[in-house]
Amino acid sequence: MSKRHSADAIGRRNFLKAATAASAALAAAAPAAAALASTPAAVGNAAPVPDIAAETMPPPADPIQQTSSGGDFMLDVLQSLGFAYVTETPASTFRGLHEAIINYGMNQQPEMLSCTHEEIAVAMAHGYAKIEGRPLLVLAQSTVGLQHASMALYNAFCDQVPVYMIVGNTVDANVRGLSFESAHSAIDPAVIVRDFVKWDDQPGSLQHFADSAVRAYNIALTPPMAPVLLSVDSELQENPIPNRAGLHIPKLARVAMPQGDLGAVAETAQQLVKAENPVIVVDRVARTPAGMARLVELAEALQCPVVDVGGRMNFPTRHPLCHTGRSGAVISQADLIVGIELNDFWGAVHTFGDRIVRRARSITKPNVRTISIGVRELYIRANFQEFQRYQEVDLAIAADGEETLPSLIEQVRRLVDAERRSAFEARGSRLAAAHQAMVGMWRNDATIGWDASPITLARLCAELYHQIKDDDWSLVGNGIRVTWPLRLWNFDQHYRWIGSSGGAGVGYNAPASLGAALANRKHGRLSVAIQGDGDLMMTPGTLWTAAHHQIPILYVMHNNRAWHQELMYVQAMSNRHGRGLERAHIGTTISEPNIDFAMMAKSMGVYSEGPISDPHALAPALTRALAVVRKGQPALVDAVVEPR
Amino acid sequence: MVVAVLGLGPAPAAWALDQPKGDLANGQKTYLAAGCWQCHGRVGQGGLMTGAAPILAQARLPFAAFKRQVRNPVSDMPPYPETLLSDKDLADIYSFLQALPGRRALKEVPILND
């Protein structure tokens, strides 16, 4: 790293800035300057033109070209990690790495994706990782950019998703030039987000960068997965490399995932086989395609109901042992509850009254036994409370759920004798009948208000599924967790669903869905997202990125013209006081004027239809929009629907 | 619990004695003005608030129980005292909900069998 500590020296950054500014000023003022130069006596009170003088002076002796840069080496390191894409909102503090990616790397591996906001860049990485199983790279500025990105990083942290982020920062105050360069520098930028990134570093040399880049990747991908952050000095990116041959790129280790202690796993298997009414409750188990298959295998070996909280695509919705829709019934009757990667165990076994006096009540039997398996025990931070209320359990196995399933299945199979197998089969028959009755009830319920306008959510979801069911579809976003897809659609592959934001931070759904669609693209999958209006207004520029990079996805608006959950909360507050609802819409609705999302999408190059409030017009609009998506382009259908 | 009752089988014949004969038009108007639809849907199809908001179309619930739930809810539902919703308006809403079309035969909506 070159150093220019003399206060008199013109730093390279300052020189470049000055040269750029001089050129711009010269271009704007050229005719006048020419006149001034020819008639010096006529200057009078006019301002001096120092740039002209500077241009006529001999150039400094500084080098003006270079054949290598730290950014090139950094790209070598990043390419060794296999990043397919980098999302970014451009900023001067990572211009060195930016240039290396597009010119030295020829914009391949990683390919650069332009985003109009850093929150979009990170949320795209969030969604991408949940389909791809590995992170993409995010580039941002270290102060203003990182603050924009912070909300999306928080969501990814809560959702235990690896996001790999690099921010550009100018460490040395002596090389900062224009005033914004100081405002865009920090001595410790990561402090902004340190509570919700798993690890961060600010390398002091290129070798330090290489070591930390590989270390960060391993940390991000080791459960519990989480975002990591590197703050990379702009001088380190831009300056020539003194000795490239002396730099070493560490190899990326294969990480063996933490499995449960065999004794504890054996005890869990014994309890599961012995129990008369066991329940398995899962949230973020399936982090690879193998996860769902393993969970099905365990459930079938036991003929045990599974309640899927839905943080990942854990269990097929039409499997007779899927009892998510009967969670209260099966959990309240259980004599054993095994929570696997269940972040909110407390919430799964309690009801809660959101009343003036807040009350919680356990719904479990008094002598129920409880076991948790998950990585939450391995890593927890103090400040943000995403780890939920404390739930006492009988046995806590600190291990990765998916990785522990094979040994648990093996132990269960070893313990099941003919008598238990017979009992399991009888239990399985009862559960299958209950599942079937539940699905039948949902289908009947979906007919209510079938022809109503605004369109019911049941009809919206049924119409959409009817048109995609024969495709290799993937529901990459469902902002407010509309329940109808889980009731009506056949979720039978690991990529059918990716879970939600994690931190319930609005602004996730549109960009995370796009990131997942990006990962789905190479597989030829049809990506669809149910998109809330409030969420899209947080990150509307997502639509431009979708169009610009031709990422196929269908956004179907769940346009209820409100932040409806908040409206219902204000309604509840108003009624507590007996004050009526005349003003509950104030601050909670998105109307007057209504937003024309179709026009908005169209303005950014996205095919669109709507607003559609006539249920009979919905199916034809979906057909036309899906034709666009199947050709590889994004589309949006603005459906004006019932709020819930 | 109201939520449980709403999901049970056909209404007992004795309920007929309990049913008010309300003004359907006023019931619909009040149902919308009072914000019931925000959680339960404009056609009583049910929805979500902090938990499930029950289906109200043709709700299998006696009027007395319906009134008790509205005035003094057992769940997270906002309470509606008489100052906000008169007994007459409440009866009209009940009648409106009972008169809603409710569920249709599945064969009329074949895509629900996908």
# chains A, B, ... in the order shown; residues from 1 in each chain; ligands from 1

call {"tool": "interface_residues", "arguments": {"of": "chain B", "to": "chain A", "cutoff": "7 Å", "atoms": "only C-alpha atoms", "output": "list of chain:residue names"}}
result
B:Ala34, B:Gln38, B:Cys39, B:Gly41, B:Val43, B:Gln45, B:Gly47, B:Leu48, B:Met49, B:Ser75, B:Asp76, B:Pro78, B:Pro79, B:Tyr80, B:Pro81, B:Leu84, B:Gly102, B:Arg103, B:Arg104, B:Leu106, B:Ile111, B:Leu112, B:Asp114

call {"tool": "select_by_dssp", "arguments": {"residues": "chain B", "states": "strand (DSSP E or B)", "output": "ChimeraX atom specification"}}
result
/B:47-48,52-53

call {"tool": "select_by_dssp", "arguments": {"residues": "stretch 224-400 of chain A", "states": "helix (DSSP H, G or I)", "output": "VMD selection string"}}
result
chain A and resid 234 to 238 244 to 246 262 to 274 289 to 302 324 to 332 345 to 348 375 to 378

call {"tool": "residues_around", "arguments": {"residues": "A:Gly145", "least_positions_apart": "5", "cutoff": "9 Å", "atoms": "only C-alpha atoms", "output": "ChimeraX atom specification"}}
result
/A:89,91,117-119,139-140,150,167,184

call {"tool": "write_last_selection", "arguments": {"atoms": "N, CA and C atoms", "output": "PDB file, in the first residue's frame"}}
result
ATOM      1  N   THR A  89     -24.845  -0.809  -5.296  1.00  0.00           N
ATOM      2  CA  THR A  89     -25.215   0.542  -5.662  1.00  0.00           C
ATOM      3  C   THR A  89     -23.903   1.309  -5.708  1.00  0.00           C
ATOM      4  N   ALA A  91     -20.502   3.433  -5.608  1.00  0.00           N
ATOM      5  CA  ALA A  91     -19.997   4.423  -4.652  1.00  0.00           C
ATOM      6  C   ALA A  91     -18.490   4.561  -4.838  1.00  0.00           C
ATOM      7  N   HIS A 117     -30.795   0.870  -4.540  1.00  0.00           N
ATOM      8  CA  HIS A 117     -30.705   1.126  -3.097  1.00  0.00           C
ATOM      9  C   HIS A 117     -29.950  -0.048  -2.475  1.00  0.00           C
ATOM     10  N   GLU A 118     -29.126   0.259  -1.486  1.00  0.00           N
ATOM     11  CA  GLU A 118     -28.348  -0.797  -0.854  1.00  0.00           C
ATOM     12  C   GLU A 118     -29.236  -1.824  -0.143  1.00  0.00           C
ATOM     13  N   GLU A 119     -30.391  -1.383   0.320  1.00  0.00           N
ATOM     14  CA  GLU A 119     -31.305  -2.343   0.952  1.00  0.00           C
ATOM     15  C   GLU A 119     -31.746  -3.402  -0.060  1.00  0.00           C
ATOM     16  N   LEU A 139     -21.654  -5.208  -2.652  1.00  0.00           N
ATOM     17  CA  LEU A 139     -20.727  -4.087  -2.504  1.00  0.00           C
ATOM     18  C   LEU A 139     -21.517  -2.837  -2.131  1.00  0.00           C
ATOM     19  N   ALA A 140     -20.972  -2.082  -1.187  1.00  0.00           N
ATOM     20  CA  ALA A 140     -21.643  -0.841  -0.797  1.00  0.00           C
ATOM     21  C   ALA A 140     -20.628   0.133  -0.231  1.00  0.00           C
ATOM     22  N   SER A 150     -28.486  -1.515   6.264  1.00  0.00           N
ATOM     23  CA  SER A 150     -28.549  -2.135   7.595  1.00  0.00           C
ATOM     24  C   SER A 150     -29.855  -2.890   7.842  1.00  0.00           C
ATOM     25  N   VAL A 167     -17.721  -3.351   2.126  1.00  0.00           N
ATOM     26  CA  VAL A 167     -17.940  -1.912   2.015  1.00  0.00           C
ATOM     27  C   VAL A 167     -16.601  -1.226   1.785  1.00  0.00           C
ATOM     28  N   HIS A 184     -17.789  10.078   4.032  1.00  0.00           N
ATOM     29  CA  HIS A 184     -17.942   8.690   3.599  1.00  0.00           C
ATOM     30  C   HIS A 184     -16.840   7.793   4.156  1.00  0.00           C
TER      31      HIS A 184
END

call {"tool": "residues_around", "arguments": {"residues": "A:Glu88", "least_positions_apart": "3", "cutoff": "12 Å", "atoms": "only C-alpha atoms", "output": "ChimeraX atom specification"}}
result
/A:85,91-92,94-95,97-98,101,110-125,136-141,145-146,148-149,164-168,545

call {"tool": "write_last_selection", "arguments": {"atoms": "N, CA and C atoms", "output": "compact mmCIF listing (two decimals), in the first residue's frame"}}
result
# COMPACT_ATOMS: atom_id res chain seq x y z
N TYR A 85 -22.51 -13.71 -8.66
CA TYR A 85 -23.05 -12.36 -8.85
C TYR A 85 -22.57 -11.44 -7.75
N ALA A 91 -20.50 3.43 -5.61
CA ALA A 91 -20.00 4.42 -4.65
C ALA A 91 -18.49 4.56 -4.84
N SER A 92 -17.99 5.75 -4.59
CA SER A 92 -16.59 6.04 -4.87
C SER A 92 -15.64 5.21 -4.02
N PHE A 94 -15.60 2.18 -3.32
CA PHE A 94 -15.22 0.86 -3.85
C PHE A 94 -15.03 0.91 -5.37
N ARG A 95 -14.70 2.09 -5.85
CA ARG A 95 -14.52 2.22 -7.29
C ARG A 95 -13.36 1.36 -7.80
N LEU A 97 -12.40 -1.66 -6.69
CA LEU A 97 -12.88 -3.03 -6.83
C LEU A 97 -13.93 -3.12 -7.93
N HIS A 98 -14.75 -2.10 -8.04
CA HIS A 98 -15.77 -2.04 -9.10
C HIS A 98 -15.10 -2.16 -10.47
N ILE A 101 -13.74 -5.60 -11.20
CA ILE A 101 -14.76 -6.60 -11.52
C ILE A 101 -15.18 -6.50 -12.99
N PRO A 110 -17.69 -12.66 -10.44
CA PRO A 110 -19.13 -12.37 -10.41
C PRO A 110 -19.55 -11.38 -11.50
N GLU A 111 -20.81 -11.51 -11.88
CA GLU A 111 -21.45 -10.55 -12.77
C GLU A 111 -22.12 -9.48 -11.92
N MET A 112 -21.98 -8.24 -12.32
CA MET A 112 -22.49 -7.13 -11.51
C MET A 112 -23.96 -6.86 -11.79
N LEU A 113 -24.73 -6.73 -10.73
CA LEU A 113 -26.15 -6.39 -10.84
C LEU A 113 -26.38 -5.04 -10.18
N SER A 114 -26.92 -4.11 -10.93
CA SER A 114 -27.13 -2.75 -10.42
C SER A 114 -28.41 -2.67 -9.61
N CYS A 115 -28.31 -2.04 -8.47
CA CYS A 115 -29.47 -1.85 -7.59
C CYS A 115 -29.60 -0.37 -7.25
N THR A 116 -30.84 0.07 -7.10
CA THR A 116 -31.06 1.49 -6.86
C THR A 116 -31.00 1.85 -5.38
N HIS A 117 -30.80 0.87 -4.54
CA HIS A 117 -30.71 1.13 -3.10
C HIS A 117 -29.95 -0.05 -2.48
N GLU A 118 -29.13 0.26 -1.49
CA GLU A 118 -28.35 -0.80 -0.85
C GLU A 118 -29.24 -1.82 -0.14
N GLU A 119 -30.39 -1.38 0.32
CA GLU A 119 -31.31 -2.34 0.95
C GLU A 119 -31.75 -3.40 -0.06
N ILE A 120 -31.92 -2.97 -1.31
CA ILE A 120 -32.28 -3.91 -2.36
C ILE A 120 -31.12 -4.87 -2.62
N ALA A 121 -29.91 -4.33 -2.66
CA ALA A 121 -28.74 -5.17 -2.94
C ALA A 121 -28.60 -6.29 -1.91
N VAL A 122 -28.77 -5.95 -0.63
CA VAL A 122 -28.63 -6.97 0.42
C VAL A 122 -29.81 -7.92 0.42
N ALA A 123 -31.01 -7.39 0.26
CA ALA A 123 -32.18 -8.28 0.28
C ALA A 123 -32.16 -9.24 -0.91
N MET A 124 -31.64 -8.79 -2.05
CA MET A 124 -31.49 -9.72 -3.17
C MET A 124 -30.54 -10.86 -2.78
N ALA A 125 -29.46 -10.51 -2.10
CA ALA A 125 -28.52 -11.54 -1.65
C ALA A 125 -29.19 -12.49 -0.67
N LEU A 136 -24.22 -14.57 -2.53
CA LEU A 136 -23.61 -13.73 -3.54
C LEU A 136 -22.92 -12.58 -2.81
N LEU A 137 -22.17 -11.79 -3.56
CA LEU A 137 -21.39 -10.70 -2.99
C LEU A 137 -22.19 -9.41 -3.06
N VAL A 138 -22.10 -8.60 -2.02
CA VAL A 138 -22.72 -7.28 -2.02
C VAL A 138 -21.63 -6.23 -1.82
N LEU A 139 -21.65 -5.21 -2.65
CA LEU A 139 -20.73 -4.09 -2.50
C LEU A 139 -21.52 -2.84 -2.13
N ALA A 140 -20.97 -2.08 -1.19
CA ALA A 140 -21.64 -0.84 -0.80
C ALA A 140 -20.63 0.13 -0.23
N GLN A 141 -21.08 1.33 -0.04
CA GLN A 141 -20.26 2.36 0.59
C GLN A 141 -20.29 2.13 2.10
N GLY A 145 -23.85 4.05 2.55
CA GLY A 145 -24.34 2.83 1.92
C GLY A 145 -24.67 1.76 2.94
N LEU A 146 -23.81 1.62 3.93
CA LEU A 146 -24.03 0.58 4.94
C LEU A 146 -25.27 0.90 5.79
N HIS A 148 -27.89 2.45 4.68
CA HIS A 148 -29.02 2.05 3.83
C HIS A 148 -29.21 0.53 3.88
N ALA A 149 -28.12 -0.18 3.94
CA ALA A 149 -28.18 -1.64 3.87
C ALA A 149 -28.56 -2.28 5.19
N TYR A 164 -22.71 -11.94 2.15
CA TYR A 164 -21.28 -11.61 2.15
C TYR A 164 -21.15 -10.19 1.62
N MET A 165 -20.76 -9.29 2.50
CA MET A 165 -20.79 -7.87 2.13
C MET A 165 -19.42 -7.23 2.27
N ILE A 166 -19.07 -6.43 1.29
CA ILE A 166 -17.84 -5.63 1.34
C ILE A 166 -18.24 -4.17 1.21
N VAL A 167 -17.72 -3.35 2.13
CA VAL A 167 -17.94 -1.91 2.02
C VAL A 167 -16.60 -1.23 1.78
N GLY A 168 -16.62 -0.23 0.92
CA GLY A 168 -15.41 0.55 0.67
C GLY A 168 -15.30 1.69 1.66
N THR A 545 -34.28 -3.08 -11.48
CA THR A 545 -33.22 -4.10 -11.52
C THR A 545 -33.72 -5.36 -12.23

call {"tool": "residues_around", "arguments": {"residues": "A:Pro224", "least_positions_apart": "4", "cutoff": "7 Å", "atoms": "only C-alpha atoms", "output": "PyMOL selection string"}}
result
chain A and resi 160+375-376+379

call {"tool": "residues_around", "arguments": {"residues": "A:Gln388", "least_positions_apart": "6", "cutoff": "9 Å", "atoms": "only C-alpha atoms", "output": "ChimeraX atom specification"}}
result
/A:343-347

call {"tool": "write_last_selection", "arguments": {"atoms": "C-alpha atoms", "output": "compact mmCIF listing (two decimals), in the first residue's frame"}}
result
# COMPACT_ATOMS: atom_id res chain seq x y z
CA ASN A 343 -36.48 -20.26 16.66
CA ASP A 344 -39.61 -19.51 18.64
CA PHE A 345 -40.27 -22.64 20.67
CA TRP A 346 -42.10 -20.54 23.25
CA GLY A 347 -44.46 -19.18 20.62

call {"tool": "closest_atom_pairs", "arguments": {"of": "stretch 191-289 of chain A", "to": "stretch 317-323 of chain A", "cutoff": "12 Å", "atoms": "only C-alpha atoms", "output": "JSON lines"}}
result
{"residue": "A:Pro278", "atom": "CA", "partner": "A:Leu321", "partner_atom": "CA", "distance": 11.8}
{"residue": "A:Val279", "atom": "CA", "partner": "A:His323", "partner_atom": "CA", "distance": 9.4}
{"residue": "A:Ile280", "atom": "CA", "partner": "A:His323", "partner_atom": "CA", "distance": 9.8}
{"residue": "A:Val281", "atom": "CA", "partner": "A:His323", "partner_atom": "CA", "distance": 9.7}
{"residue": "A:Val282", "atom": "CA", "partner": "A:Cys322", "partner_atom": "CA", "distance": 11.1}

call {"tool": "atom_distance", "arguments": {"atom1": "atom CA of B:Ala57", "atom2": "atom CA of B:Leu97"}}
result
5.1 Å

call {"tool": "residues_around", "arguments": {"residues": "A:Pro540", "least_positions_apart": "3", "cutoff": "12 Å", "atoms": "only C-alpha atoms", "output": "short mmCIF file (atom, residue, chain, number, x, y, z; two decimals) with all heavy atoms, in the first residue's frame"}}
result
data_model
loop_
_atom_site.label_atom_id
_atom_site.label_comp_id
_atom_site.auth_asym_id
_atom_site.auth_seq_id
_atom_site.Cartn_x
_atom_site.Cartn_y
_atom_site.Cartn_z
N CYS A 115 -28.31 -2.04 -8.47
CA CYS A 115 -29.47 -1.85 -7.59
C CYS A 115 -29.60 -0.37 -7.25
O CYS A 115 -28.60 0.33 -7.09
CB CYS A 115 -29.30 -2.66 -6.30
SG CYS A 115 -29.10 -4.42 -6.58
N THR A 116 -30.84 0.07 -7.10
CA THR A 116 -31.06 1.49 -6.86
C THR A 116 -31.00 1.85 -5.38
O THR A 116 -31.18 3.00 -5.02
CB THR A 116 -32.42 1.93 -7.43
OG1 THR A 116 -33.44 1.14 -6.80
CG2 THR A 116 -32.47 1.72 -8.94
N HIS A 117 -30.80 0.87 -4.54
CA HIS A 117 -30.71 1.13 -3.10
C HIS A 117 -29.95 -0.05 -2.48
O HIS A 117 -30.13 -1.20 -2.88
CB HIS A 117 -32.12 1.24 -2.49
CG HIS A 117 -32.16 1.84 -1.13
ND1 HIS A 117 -31.66 1.21 -0.01
CD2 HIS A 117 -32.64 3.03 -0.68
CE1 HIS A 117 -31.84 1.98 1.05
NE2 HIS A 117 -32.43 3.09 0.67
N GLU A 119 -30.39 -1.38 0.32
CA GLU A 119 -31.31 -2.34 0.95
C GLU A 119 -31.75 -3.40 -0.06
O GLU A 119 -31.90 -4.58 0.28
CB GLU A 119 -32.53 -1.61 1.53
CG GLU A 119 -33.46 -2.53 2.31
CD GLU A 119 -34.56 -1.79 3.04
OE1 GLU A 119 -34.61 -0.55 2.95
OE2 GLU A 119 -35.37 -2.46 3.71
N ILE A 120 -31.92 -2.97 -1.31
CA ILE A 120 -32.28 -3.91 -2.36
C ILE A 120 -31.12 -4.87 -2.62
O ILE A 120 -31.33 -6.09 -2.76
CB ILE A 120 -32.65 -3.14 -3.65
CG1 ILE A 120 -33.92 -2.31 -3.43
CG2 ILE A 120 -32.84 -4.10 -4.83
CD1 ILE A 120 -34.26 -1.37 -4.58
N GLY A 507 -39.96 -4.18 3.22
CA GLY A 507 -39.00 -3.83 2.17
C GLY A 507 -38.19 -5.03 1.74
O GLY A 507 -37.38 -4.94 0.83
N TYR A 508 -38.42 -6.16 2.40
CA TYR A 508 -37.70 -7.39 2.08
C TYR A 508 -38.28 -8.08 0.85
O TYR A 508 -37.55 -8.60 0.00
CB TYR A 508 -37.78 -8.33 3.29
CG TYR A 508 -37.62 -9.81 2.98
CD1 TYR A 508 -36.36 -10.40 3.00
CD2 TYR A 508 -38.72 -10.60 2.65
CE1 TYR A 508 -36.20 -11.76 2.72
CE2 TYR A 508 -38.57 -11.95 2.35
CZ TYR A 508 -37.32 -12.52 2.39
OH TYR A 508 -37.17 -13.85 2.10
N ASN A 509 -39.60 -8.14 0.77
CA ASN A 509 -40.24 -9.10 -0.12
C ASN A 509 -39.89 -8.90 -1.59
O ASN A 509 -39.55 -9.85 -2.29
CB ASN A 509 -41.76 -9.05 0.06
CG ASN A 509 -42.44 -10.27 -0.53
OD1 ASN A 509 -42.32 -11.37 0.00
ND2 ASN A 509 -43.14 -10.09 -1.65
N ALA A 510 -39.98 -7.65 -2.06
CA ALA A 510 -39.74 -7.43 -3.49
C ALA A 510 -38.30 -7.79 -3.88
O ALA A 510 -38.08 -8.58 -4.81
CB ALA A 510 -40.07 -5.99 -3.87
N PRO A 511 -37.28 -7.25 -3.20
CA PRO A 511 -35.91 -7.58 -3.62
C PRO A 511 -35.48 -9.00 -3.27
O PRO A 511 -34.75 -9.62 -4.06
CB PRO A 511 -35.06 -6.54 -2.88
CG PRO A 511 -35.89 -6.05 -1.76
CD PRO A 511 -37.31 -6.17 -2.19
N LEU A 514 -36.70 -11.21 -5.87
CA LEU A 514 -35.93 -11.08 -7.11
C LEU A 514 -34.61 -11.85 -7.00
O LEU A 514 -34.17 -12.48 -7.98
CB LEU A 514 -35.67 -9.61 -7.41
CG LEU A 514 -35.04 -9.32 -8.77
CD1 LEU A 514 -35.99 -9.73 -9.90
CD2 LEU A 514 -34.67 -7.85 -8.90
N GLN A 531 -46.96 -9.93 -3.58
CA GLN A 531 -46.23 -8.72 -3.21
C GLN A 531 -47.14 -7.69 -2.57
O GLN A 531 -48.08 -7.20 -3.19
CB GLN A 531 -45.58 -8.13 -4.47
CG GLN A 531 -44.86 -6.84 -4.25
CD GLN A 531 -43.70 -6.98 -3.26
OE1 GLN A 531 -42.90 -7.91 -3.37
NE2 GLN A 531 -43.64 -6.11 -2.27
N GLY A 532 -46.87 -7.35 -1.34
CA GLY A 532 -47.62 -6.31 -0.65
C GLY A 532 -47.31 -4.92 -1.20
O GLY A 532 -46.19 -4.65 -1.64
N ASP A 533 -48.31 -4.04 -1.13
CA ASP A 533 -48.10 -2.69 -1.64
C ASP A 533 -47.19 -1.88 -0.73
O ASP A 533 -46.31 -1.15 -1.19
CB ASP A 533 -49.44 -1.97 -1.86
CG ASP A 533 -50.39 -2.08 -0.68
OD1 ASP A 533 -50.21 -2.97 0.17
OD2 ASP A 533 -51.33 -1.27 -0.60
N GLY A 534 -47.35 -2.02 0.58
CA GLY A 534 -46.48 -1.30 1.50
C GLY A 534 -45.04 -1.71 1.34
O GLY A 534 -44.13 -0.87 1.37
N ASP A 535 -44.80 -2.98 1.15
CA ASP A 535 -43.43 -3.48 0.99
C ASP A 535 -42.82 -2.95 -0.30
O ASP A 535 -41.66 -2.50 -0.30
CB ASP A 535 -43.46 -5.01 0.96
CG ASP A 535 -42.07 -5.62 0.85
OD1 ASP A 535 -41.54 -5.71 -0.28
OD2 ASP A 535 -41.52 -6.01 1.89
N LEU A 536 -43.58 -2.96 -1.39
CA LEU A 536 -43.00 -2.51 -2.66
C LEU A 536 -42.66 -1.02 -2.62
O LEU A 536 -41.70 -0.58 -3.25
CB LEU A 536 -43.95 -2.81 -3.82
CG LEU A 536 -43.40 -2.51 -5.22
CD1 LEU A 536 -42.08 -3.21 -5.47
CD2 LEU A 536 -44.41 -2.90 -6.29
N MET A 537 -43.44 -0.25 -1.86
CA MET A 537 -43.15 1.18 -1.79
C MET A 537 -41.86 1.46 -1.01
O MET A 537 -41.32 2.56 -1.08
CB MET A 537 -44.33 1.93 -1.16
CG MET A 537 -45.54 2.00 -2.09
SD MET A 537 -45.14 2.68 -3.72
CE MET A 537 -44.79 4.37 -3.30
N LEU A 543 -37.92 -3.16 -9.21
CA LEU A 543 -38.52 -3.46 -10.52
C LEU A 543 -37.56 -3.07 -11.65
O LEU A 543 -37.47 -3.76 -12.66
CB LEU A 543 -39.85 -2.72 -10.66
CG LEU A 543 -40.93 -3.13 -9.65
CD1 LEU A 543 -42.15 -2.21 -9.77
CD2 LEU A 543 -41.34 -4.59 -9.85
N TRP A 544 -36.84 -1.98 -11.46
CA TRP A 544 -35.89 -1.58 -12.49
C TRP A 544 -34.77 -2.61 -12.61
O TRP A 544 -34.36 -2.97 -13.72
CB TRP A 544 -35.32 -0.19 -12.17
CG TRP A 544 -34.29 0.22 -13.17
CD1 TRP A 544 -34.50 0.79 -14.39
CD2 TRP A 544 -32.87 0.04 -13.05
NE1 TRP A 544 -33.31 0.98 -15.03
CE2 TRP A 544 -32.29 0.53 -14.24
CE3 TRP A 544 -32.04 -0.50 -12.06
CZ2 TRP A 544 -30.91 0.51 -14.46
CZ3 TRP A 544 -30.67 -0.51 -12.28
CH2 TRP A 544 -30.12 -0.02 -13.46
N THR A 545 -34.28 -3.08 -11.48
CA THR A 545 -33.22 -4.10 -11.52
C THR A 545 -33.72 -5.36 -12.23
O THR A 545 -33.00 -5.98 -13.02
CB THR A 545 -32.75 -4.44 -10.10
OG1 THR A 545 -32.21 -3.26 -9.49
CG2 THR A 545 -31.68 -5.52 -10.10
N ALA A 546 -34.97 -5.73 -11.97
CA ALA A 546 -35.54 -6.91 -12.62
C ALA A 546 -35.56 -6.73 -14.14
O ALA A 546 -35.21 -7.64 -14.90
CB ALA A 546 -36.95 -7.16 -12.10
N ILE A 595 -52.12 4.24 -5.51
CA ILE A 595 -50.89 4.11 -6.31
C ILE A 595 -51.17 3.20 -7.50
O ILE A 595 -51.75 2.11 -7.34
CB ILE A 595 -49.75 3.53 -5.44
CG1 ILE A 595 -49.41 4.53 -4.33
CG2 ILE A 595 -48.52 3.23 -6.30
CD1 ILE A 595 -48.56 3.96 -3.24
N PHE A 597 -49.66 0.83 -9.50
CA PHE A 597 -48.45 0.00 -9.53
C PHE A 597 -48.13 -0.49 -10.95
O PHE A 597 -46.97 -0.71 -11.28
CB PHE A 597 -48.59 -1.18 -8.57
CG PHE A 597 -48.50 -0.77 -7.13
CD1 PHE A 597 -49.64 -0.61 -6.36
CD2 PHE A 597 -47.28 -0.51 -6.54
CE1 PHE A 597 -49.56 -0.20 -5.04
CE2 PHE A 597 -47.18 -0.10 -5.23
CZ PHE A 597 -48.33 0.06 -4.48
N ALA A 598 -49.16 -0.66 -11.75
CA ALA A 598 -48.91 -1.08 -13.13
C ALA A 598 -48.15 0.01 -13.88
O ALA A 598 -47.20 -0.26 -14.62
CB ALA A 598 -50.22 -1.41 -13.83
N MET A 600 -46.32 2.28 -12.49
CA MET A 600 -44.99 2.36 -11.88
C MET A 600 -44.06 1.31 -12.48
O MET A 600 -42.91 1.59 -12.84
CB MET A 600 -45.11 2.17 -10.37
CG MET A 600 -43.85 2.40 -9.59
SD MET A 600 -44.20 2.41 -7.81
CE MET A 600 -43.87 0.71 -7.43
N ALA A 601 -44.57 0.09 -12.59
CA ALA A 601 -43.75 -0.99 -13.15
C ALA A 601 -43.39 -0.69 -14.60
O ALA A 601 -42.26 -0.89 -15.04
CB ALA A 601 -44.51 -2.32 -13.04
N LYS A 602 -44.40 -0.22 -15.33
CA LYS A 602 -44.18 0.07 -16.75
C LYS A 602 -43.10 1.13 -16.92
O LYS A 602 -42.27 1.06 -17.83
CB LYS A 602 -45.51 0.55 -17.36
CG LYS A 602 -45.62 0.35 -18.86
CD LYS A 602 -47.07 0.49 -19.31
CE LYS A 602 -47.92 -0.66 -18.79
NZ LYS A 602 -49.35 -0.54 -19.07
N SER A 603 -43.09 2.11 -16.02
CA SER A 603 -42.10 3.19 -16.13
C SER A 603 -40.68 2.67 -15.97
O SER A 603 -39.73 3.32 -16.39
CB SER A 603 -42.38 4.26 -15.07
OG SER A 603 -41.95 3.83 -13.79
N MET A 604 -40.55 1.49 -15.36
CA MET A 604 -39.21 0.92 -15.15
C MET A 604 -38.94 -0.25 -16.08
O MET A 604 -38.01 -1.03 -15.87
CB MET A 604 -39.06 0.51 -13.69
CG MET A 604 -38.93 1.73 -12.78
SD MET A 604 -38.55 1.33 -11.07
CE MET A 604 -40.14 1.49 -10.31
N VAL A 606 -41.02 -2.87 -16.84
CA VAL A 606 -41.59 -4.16 -16.47
C VAL A 606 -42.99 -4.27 -17.06
O VAL A 606 -43.83 -3.37 -16.87
CB VAL A 606 -41.64 -4.32 -14.93
CG1 VAL A 606 -42.39 -5.58 -14.53
CG2 VAL A 606 -40.23 -4.33 -14.35
#

call {"tool": "atom_distance", "arguments": {"atom1": "atom CA of A:Ala264", "atom2": "atom CA of A:Ile219"}}
result
25.9 Å

call {"tool": "atom_distance", "arguments": {"atom1": "atom CA of A:Gly82", "atom2": "atom CA of A:Val193"}}
result
25.2 Å
